[in-house]
Amino acid sequence: MNVVILLGAPGSGKGTLAAELARVPGIRHLSTGDLLRAAVKAGTPAGLKAKAYMEAGNLVPDAVIAELLAENLDADPDTHVLLLDGFPRNVAQADILADLLARKGVRLRGALLLEVPDDVLVARIAGRRVCPACSATFNVATLPPKVEGVCDACGAALVTRKDDDPATVRHRLQVYAEQTFPLIDYYRQRGLLHAVDASGHDLEPKIEAALRKIHD
Ligand code: ADP
Ligand code: ZN
C-alpha cells in the first residue's frame, strides 16, 4: 500500500479530486472530515467530542483524530494507493502519522499540495453543496448536480455544510494558515512535497501526472 497525503486549504478541491481518483480500482480515498461527519451523525463517542469543534471551524483534538484514523488505516491488500484527505492538519498529526505508518510497515510516498489563491477558495466554498446521505460534493458554479439541489449519486436533497458560512470559512482559512501551512515545509524538507496549481478546473490530468511521479 502506498500512502499519499493531499494537502491544501479548505476549498482547494481535495475532497472532490480524491473522490474522482478513487473511481480508479486500487485507489482508496480516506477523508478525516467525512469520517468525523459520519461519527457526528451516528452519535459515536468520537462524534460527540468532535461536534462543537467542527461547527466552530476549529481542529478536533489530535487524540480523537488519531484514534479514528488508526481504526480506518488498516493495510488492505486491494488498496494500491491510499489518498489521505484532511489529515495530517498540523505538525503533531504529521508525527502521529509517521509513527502509525512505521508500526504498520507502510511507506509514505508523497504529499500532494493543491495550490489555490485565497479569493478562489472563498468563492468555491460559497458554492459548495454536499449530500447528507452519501457525502458526494457539488458546486453550484463549477460542478452542478444534474438536477438542482439533488444528489446525482443517490437522489437525496443537497445541503450547505454548517461550517461553510462566511464567518466560519474565514476562521477555517486562518486555522489552515496557522496550523496546516507549516506542513508544506515539513514535507518539503523530507523530499516528499509535490505542488500542483489547482486554481483551474481541469485538474485530473495534472494530478495523475503528479501521482505517477510519486510512484516511480
Ligand atoms: P475542509 O477541507 O473543507 O476544511 P474537512 O471535511 O476536511 O473540510 O474538515 C471539516 C472539519 O473537520 C474541520 O474544520 C475540522 O473541524 C475537522 N477535521 C477534519 N480533519 C481533521 C484533522 N485531521 N484534525 C482535526 N480536525 C479535523
Ligand atoms: Zn448522495
# chains A, B, ... in the order shown; residues from 1 in each chain; ligands from 1
call {"tool": "residues_near_ligand", "arguments": {"ligand": "ligand 2", "cutoff": "7 Å", "atoms": "only C-alpha atoms and all ligand atoms", "output": "JSON, numbers by chain"}}
result
{"A": [131, 132, 133, 134, 135, 136, 151, 152, 153, 154, 155, 156]}
call {"tool": "residues_around", "arguments": {"residues": "range 16-32 of chain A", "least_positions_apart": "4", "cutoff": "6 Å", "atoms": "only C-alpha atoms", "output": "JSON, numbers by chain"}}
result
{"A": [36, 78, 79, 80, 81, 82, 83, 84, 85, 86]}
call {"tool": "write_last_selection", "arguments": {"atoms": "all heavy atoms", "output": "PDB file, in the first residue's frame"}}
result
ATOM      1  N   LEU A  36     -15.361  12.085  10.400  1.00  0.00           N
ATOM      2  CA  LEU A  36     -15.894  12.835  11.536  1.00  0.00           C
ATOM      3  C   LEU A  36     -17.369  13.145  11.357  1.00  0.00           C
ATOM      4  O   LEU A  36     -18.161  13.004  12.292  1.00  0.00           O
ATOM      5  CB  LEU A  36     -15.116  14.144  11.713  1.00  0.00           C
ATOM      6  CG  LEU A  36     -13.721  14.011  12.336  1.00  0.00           C
ATOM      7  CD1 LEU A  36     -12.944  15.304  12.170  1.00  0.00           C
ATOM      8  CD2 LEU A  36     -13.836  13.654  13.814  1.00  0.00           C
ATOM      9  N   ASP A  78      -6.205  -4.870  -1.306  1.00  0.00           N
ATOM     10  CA  ASP A  78      -6.755  -4.355  -2.562  1.00  0.00           C
ATOM     11  C   ASP A  78      -6.446  -2.884  -2.774  1.00  0.00           C
ATOM     12  O   ASP A  78      -6.742  -2.338  -3.825  1.00  0.00           O
ATOM     13  CB  ASP A  78      -8.280  -4.545  -2.592  1.00  0.00           C
ATOM     14  CG  ASP A  78      -8.652  -6.018  -2.608  1.00  0.00           C
ATOM     15  OD1 ASP A  78      -7.837  -6.824  -3.123  1.00  0.00           O
ATOM     16  OD2 ASP A  78      -9.727  -6.368  -2.096  1.00  0.00           O
ATOM     17  N   THR A  79      -5.906  -2.222  -1.742  1.00  0.00           N
ATOM     18  CA  THR A  79      -5.597  -0.801  -1.889  1.00  0.00           C
ATOM     19  C   THR A  79      -4.152  -0.633  -2.314  1.00  0.00           C
ATOM     20  O   THR A  79      -3.225  -0.982  -1.593  1.00  0.00           O
ATOM     21  CB  THR A  79      -5.828  -0.053  -0.561  1.00  0.00           C
ATOM     22  OG1 THR A  79      -7.173  -0.267  -0.151  1.00  0.00           O
ATOM     23  CG2 THR A  79      -5.592   1.437  -0.736  1.00  0.00           C
ATOM     24  N   HIS A  80      -3.981  -0.081  -3.517  1.00  0.00           N
ATOM     25  CA  HIS A  80      -2.639   0.172  -4.018  1.00  0.00           C
ATOM     26  C   HIS A  80      -2.173   1.550  -3.567  1.00  0.00           C
ATOM     27  O   HIS A  80      -1.060   1.732  -3.109  1.00  0.00           O
ATOM     28  CB  HIS A  80      -2.657   0.049  -5.537  1.00  0.00           C
ATOM     29  CG  HIS A  80      -1.310   0.206  -6.146  1.00  0.00           C
ATOM     30  ND1 HIS A  80      -0.225  -0.531  -5.728  1.00  0.00           N
ATOM     31  CD2 HIS A  80      -0.867   1.028  -7.106  1.00  0.00           C
ATOM     32  CE1 HIS A  80       0.836  -0.163  -6.427  1.00  0.00           C
ATOM     33  NE2 HIS A  80       0.482   0.781  -7.253  1.00  0.00           N
ATOM     34  N   VAL A  81      -3.079   2.524  -3.689  1.00  0.00           N
ATOM     35  CA  VAL A  81      -2.777   3.887  -3.244  1.00  0.00           C
ATOM     36  C   VAL A  81      -3.861   4.336  -2.272  1.00  0.00           C
ATOM     37  O   VAL A  81      -5.049   4.264  -2.580  1.00  0.00           O
ATOM     38  CB  VAL A  81      -2.751   4.884  -4.429  1.00  0.00           C
ATOM     39  CG1 VAL A  81      -2.466   6.293  -3.928  1.00  0.00           C
ATOM     40  CG2 VAL A  81      -1.716   4.473  -5.460  1.00  0.00           C
ATOM     41  N   LEU A  82      -3.443   4.778  -1.092  1.00  0.00           N
ATOM     42  CA  LEU A  82      -4.380   5.344  -0.131  1.00  0.00           C
ATOM     43  C   LEU A  82      -4.192   6.861  -0.123  1.00  0.00           C
ATOM     44  O   LEU A  82      -3.111   7.357   0.199  1.00  0.00           O
ATOM     45  CB  LEU A  82      -4.120   4.773   1.262  1.00  0.00           C
ATOM     46  CG  LEU A  82      -5.044   5.325   2.349  1.00  0.00           C
ATOM     47  CD1 LEU A  82      -6.480   4.856   2.143  1.00  0.00           C
ATOM     48  CD2 LEU A  82      -4.561   4.908   3.731  1.00  0.00           C
ATOM     49  N   LEU A  83      -5.238   7.593  -0.505  1.00  0.00           N
ATOM     50  CA  LEU A  83      -5.180   9.055  -0.511  1.00  0.00           C
ATOM     51  C   LEU A  83      -5.728   9.572   0.804  1.00  0.00           C
ATOM     52  O   LEU A  83      -6.892   9.369   1.128  1.00  0.00           O
ATOM     53  CB  LEU A  83      -6.054   9.609  -1.650  1.00  0.00           C
ATOM     54  CG  LEU A  83      -5.639   9.276  -3.070  1.00  0.00           C
ATOM     55  CD1 LEU A  83      -6.707   9.770  -4.054  1.00  0.00           C
ATOM     56  CD2 LEU A  83      -4.290   9.903  -3.396  1.00  0.00           C
ATOM     57  N   LEU A  84      -4.883  10.246   1.563  1.00  0.00           N
ATOM     58  CA  LEU A  84      -5.316  10.814   2.843  1.00  0.00           C
ATOM     59  C   LEU A  84      -5.738  12.253   2.626  1.00  0.00           C
ATOM     60  O   LEU A  84      -4.935  13.093   2.230  1.00  0.00           O
ATOM     61  CB  LEU A  84      -4.163  10.784   3.848  1.00  0.00           C
ATOM     62  CG  LEU A  84      -3.903   9.488   4.586  1.00  0.00           C
ATOM     63  CD1 LEU A  84      -2.792   9.712   5.606  1.00  0.00           C
ATOM     64  CD2 LEU A  84      -5.170   9.005   5.274  1.00  0.00           C
ATOM     65  N   ASP A  85      -7.001  12.531   2.903  1.00  0.00           N
ATOM     66  CA  ASP A  85      -7.576  13.851   2.635  1.00  0.00           C
ATOM     67  C   ASP A  85      -7.981  14.472   3.967  1.00  0.00           C
ATOM     68  O   ASP A  85      -8.842  13.951   4.658  1.00  0.00           O
ATOM     69  CB  ASP A  85      -8.771  13.632   1.684  1.00  0.00           C
ATOM     70  CG  ASP A  85      -9.750  14.791   1.647  1.00  0.00           C
ATOM     71  OD1 ASP A  85      -9.410  15.895   2.106  1.00  0.00           O
ATOM     72  OD2 ASP A  85     -10.868  14.567   1.134  1.00  0.00           O
ATOM     73  N   GLY A  86      -7.324  15.573   4.332  1.00  0.00           N
ATOM     74  CA  GLY A  86      -7.700  16.257   5.577  1.00  0.00           C
ATOM     75  C   GLY A  86      -6.877  15.823   6.771  1.00  0.00           C
ATOM     76  O   GLY A  86      -7.137  16.245   7.896  1.00  0.00           O
TER      77      GLY A  86
END
call {"tool": "residues_near_ligand", "arguments": {"ligand": "ligand 1", "cutoff": "7 Å", "atoms": "only C-alpha atoms and all ligand atoms", "output": "JSON list (two decimals) with N, CA and C atoms, in the first residue's frame"}}
result
[["chain", "number", "residue", "atom", "x", "y", "z"],
["A", 9, "ALA", "N", -5.72, 24.05, 1.29],
["A", 9, "ALA", "CA", -6.65, 24.79, 2.13],
["A", 9, "ALA", "C", -8.07, 24.28, 1.94],
["A", 10, "PRO", "N", -8.97, 24.63, 2.88],
["A", 10, "PRO", "CA", -10.39, 24.34, 2.66],
["A", 10, "PRO", "C", -10.81, 24.96, 1.32],
["A", 11, "GLY", "N", -11.51, 24.20, 0.49],
["A", 11, "GLY", "CA", -11.94, 24.72, -0.80],
["A", 11, "GLY", "C", -10.93, 24.49, -1.92],
["A", 31, "SER", "N", -11.04, 10.32, 4.04],
["A", 31, "SER", "CA", -11.19, 11.72, 4.44],
["A", 31, "SER", "C", -11.53, 11.78, 5.92],
["A", 32, "THR", "N", -10.69, 12.45, 6.71],
["A", 32, "THR", "CA", -11.00, 12.55, 8.15],
["A", 32, "THR", "C", -12.24, 13.41, 8.36],
["A", 33, "GLY", "N", -12.47, 14.40, 7.47],
["A", 33, "GLY", "CA", -13.68, 15.21, 7.57],
["A", 33, "GLY", "C", -14.92, 14.33, 7.39],
["A", 34, "ASP", "N", -14.90, 13.44, 6.38],
["A", 34, "ASP", "CA", -16.04, 12.54, 6.16],
["A", 34, "ASP", "C", -16.21, 11.57, 7.33],
["A", 36, "LEU", "N", -15.36, 12.09, 10.40],
["A", 36, "LEU", "CA", -15.89, 12.83, 11.54],
["A", 36, "LEU", "C", -17.37, 13.15, 11.36],
["A", 53, "TYR", "N", -16.26, 21.46, 17.96],
["A", 53, "TYR", "CA", -15.05, 21.95, 17.29],
["A", 53, "TYR", "C", -15.33, 22.17, 15.81],
["A", 54, "MET", "N", -15.99, 21.19, 15.20],
["A", 54, "MET", "CA", -16.23, 21.26, 13.76],
["A", 54, "MET", "C", -17.15, 22.42, 13.41],
["A", 55, "GLU", "N", -18.20, 22.57, 14.19],
["A", 55, "GLU", "CA", -19.15, 23.65, 13.87],
["A", 55, "GLU", "C", -18.51, 25.02, 14.00],
["A", 57, "GLY", "N", -15.40, 25.55, 13.28],
["A", 57, "GLY", "CA", -14.30, 25.66, 12.32],
["A", 57, "GLY", "C", -12.93, 25.46, 12.95],
["A", 58, "ASN", "N", -12.90, 24.88, 14.13],
["A", 58, "ASN", "CA", -11.62, 24.59, 14.79],
["A", 58, "ASN", "C", -11.22, 23.15, 14.55],
["A", 59, "LEU", "N", -9.94, 22.86, 14.77],
["A", 59, "LEU", "CA", -9.48, 21.49, 14.63],
["A", 59, "LEU", "C", -9.97, 20.66, 15.82],
["A", 60, "VAL", "N", -10.38, 19.45, 15.51],
["A", 60, "VAL", "CA", -10.75, 18.48, 16.54],
["A", 60, "VAL", "C", -9.45, 18.04, 17.24],
["A", 61, "PRO", "N", -9.47, 17.76, 18.55],
["A", 61, "PRO", "CA", -8.23, 17.38, 19.25],
["A", 61, "PRO", "C", -7.51, 16.21, 18.56],
["A", 62, "ASP", "N", -6.18, 16.29, 18.55],
["A", 62, "ASP", "CA", -5.37, 15.29, 17.87],
["A", 62, "ASP", "C", -5.68, 13.86, 18.32],
["A", 65, "ILE", "N", -8.73, 12.41, 16.58],
["A", 65, "ILE", "CA", -8.42, 12.11, 15.18],
["A", 65, "ILE", "C", -7.51, 10.90, 15.06],
["A", 85, "ASP", "N", -7.00, 12.53, 2.90],
["A", 85, "ASP", "CA", -7.58, 13.85, 2.63],
["A", 85, "ASP", "C", -7.98, 14.47, 3.97],
["A", 86, "GLY", "N", -7.32, 15.57, 4.33],
["A", 86, "GLY", "CA", -7.70, 16.26, 5.58],
["A", 86, "GLY", "C", -6.88, 15.82, 6.77],
["A", 87, "PHE", "N", -5.90, 14.99, 6.55],
["A", 87, "PHE", "CA", -5.01, 14.54, 7.61],
["A", 87, "PHE", "C", -3.64, 14.28, 7.01],
["A", 88, "PRO", "N", -2.55, 14.69, 7.63],
["A", 88, "PRO", "CA", -2.47, 15.49, 8.86],
["A", 88, "PRO", "C", -2.79, 16.96, 8.62],
["A", 89, "ARG", "N", -3.15, 17.65, 9.70],
["A", 89, "ARG", "CA", -3.51, 19.06, 9.61],
["A", 89, "ARG", "C", -2.62, 19.93, 10.49],
["A", 172, "ARG", "N", -11.72, 29.15, 9.35],
["A", 172, "ARG", "CA", -11.06, 27.92, 8.92],
["A", 172, "ARG", "C", -9.82, 28.23, 8.09]]
call {"tool": "closest_atom_pairs", "arguments": {"of": "range 107-142 of chain A", "to": "range 160-169 of chain A", "cutoff": "10 Å", "atoms": "only C-alpha atoms", "output": "JSON lines"}}
result
{"residue": "A:Leu121", "atom": "CA", "partner": "A:Val169", "partner_atom": "CA", "distance": 9.5}
{"residue": "A:Val122", "atom": "CA", "partner": "A:Val169", "partner_atom": "CA", "distance": 7.5}
{"residue": "A:Ile125", "atom": "CA", "partner": "A:Asp164", "partner_atom": "CA", "distance": 6.5}
{"residue": "A:Ala126", "atom": "CA", "partner": "A:Asp164", "partner_atom": "CA", "distance": 6.9}
{"residue": "A:Gly127", "atom": "CA", "partner": "A:Thr160", "partner_atom": "CA", "distance": 8.7}
{"residue": "A:Arg128", "atom": "CA", "partner": "A:Thr160", "partner_atom": "CA", "distance": 6.7}
{"residue": "A:Arg129", "atom": "CA", "partner": "A:Thr160", "partner_atom": "CA", "distance": 5.0}
{"residue": "A:Val130", "atom": "CA", "partner": "A:Thr160", "partner_atom": "CA", "distance": 6.2}
{"residue": "A:Cys131", "atom": "CA", "partner": "A:Thr160", "partner_atom": "CA", "distance": 8.7}
{"residue": "A:Pro132", "atom": "CA", "partner": "A:Arg161", "partner_atom": "CA", "distance": 9.0}
call {"tool": "write_last_selection", "arguments": {"atoms": "C-alpha atoms", "output": "mmCIF file, in the first residue's frame"}}
result
data_model
loop_
_atom_site.group_PDB
_atom_site.id
_atom_site.type_symbol
_atom_site.label_atom_id
_atom_site.label_comp_id
_atom_site.auth_asym_id
_atom_site.auth_seq_id
_atom_site.Cartn_x
_atom_site.Cartn_y
_atom_site.Cartn_z
ATOM 1 C CA LEU A 121 -11.051 29.360 -2.200
ATOM 2 C CA VAL A 122 -13.692 31.644 -0.732
ATOM 3 C CA ILE A 125 -16.701 27.242 -0.655
ATOM 4 C CA ALA A 126 -19.630 29.651 -1.108
ATOM 5 C CA GLY A 127 -20.906 27.458 -3.971
ATOM 6 C CA ARG A 128 -20.333 24.138 -2.260
ATOM 7 C CA ARG A 129 -23.290 21.786 -1.685
ATOM 8 C CA VAL A 130 -22.998 18.373 -0.091
ATOM 9 C CA CYS A 131 -25.112 15.256 0.060
ATOM 10 C CA PRO A 132 -26.016 14.427 3.675
#
call {"tool": "atom_distance", "arguments": {"atom1": "CA of Pro117 in chain A", "atom2": "CA of Asn139 in chain A"}}
result
17.6 Å
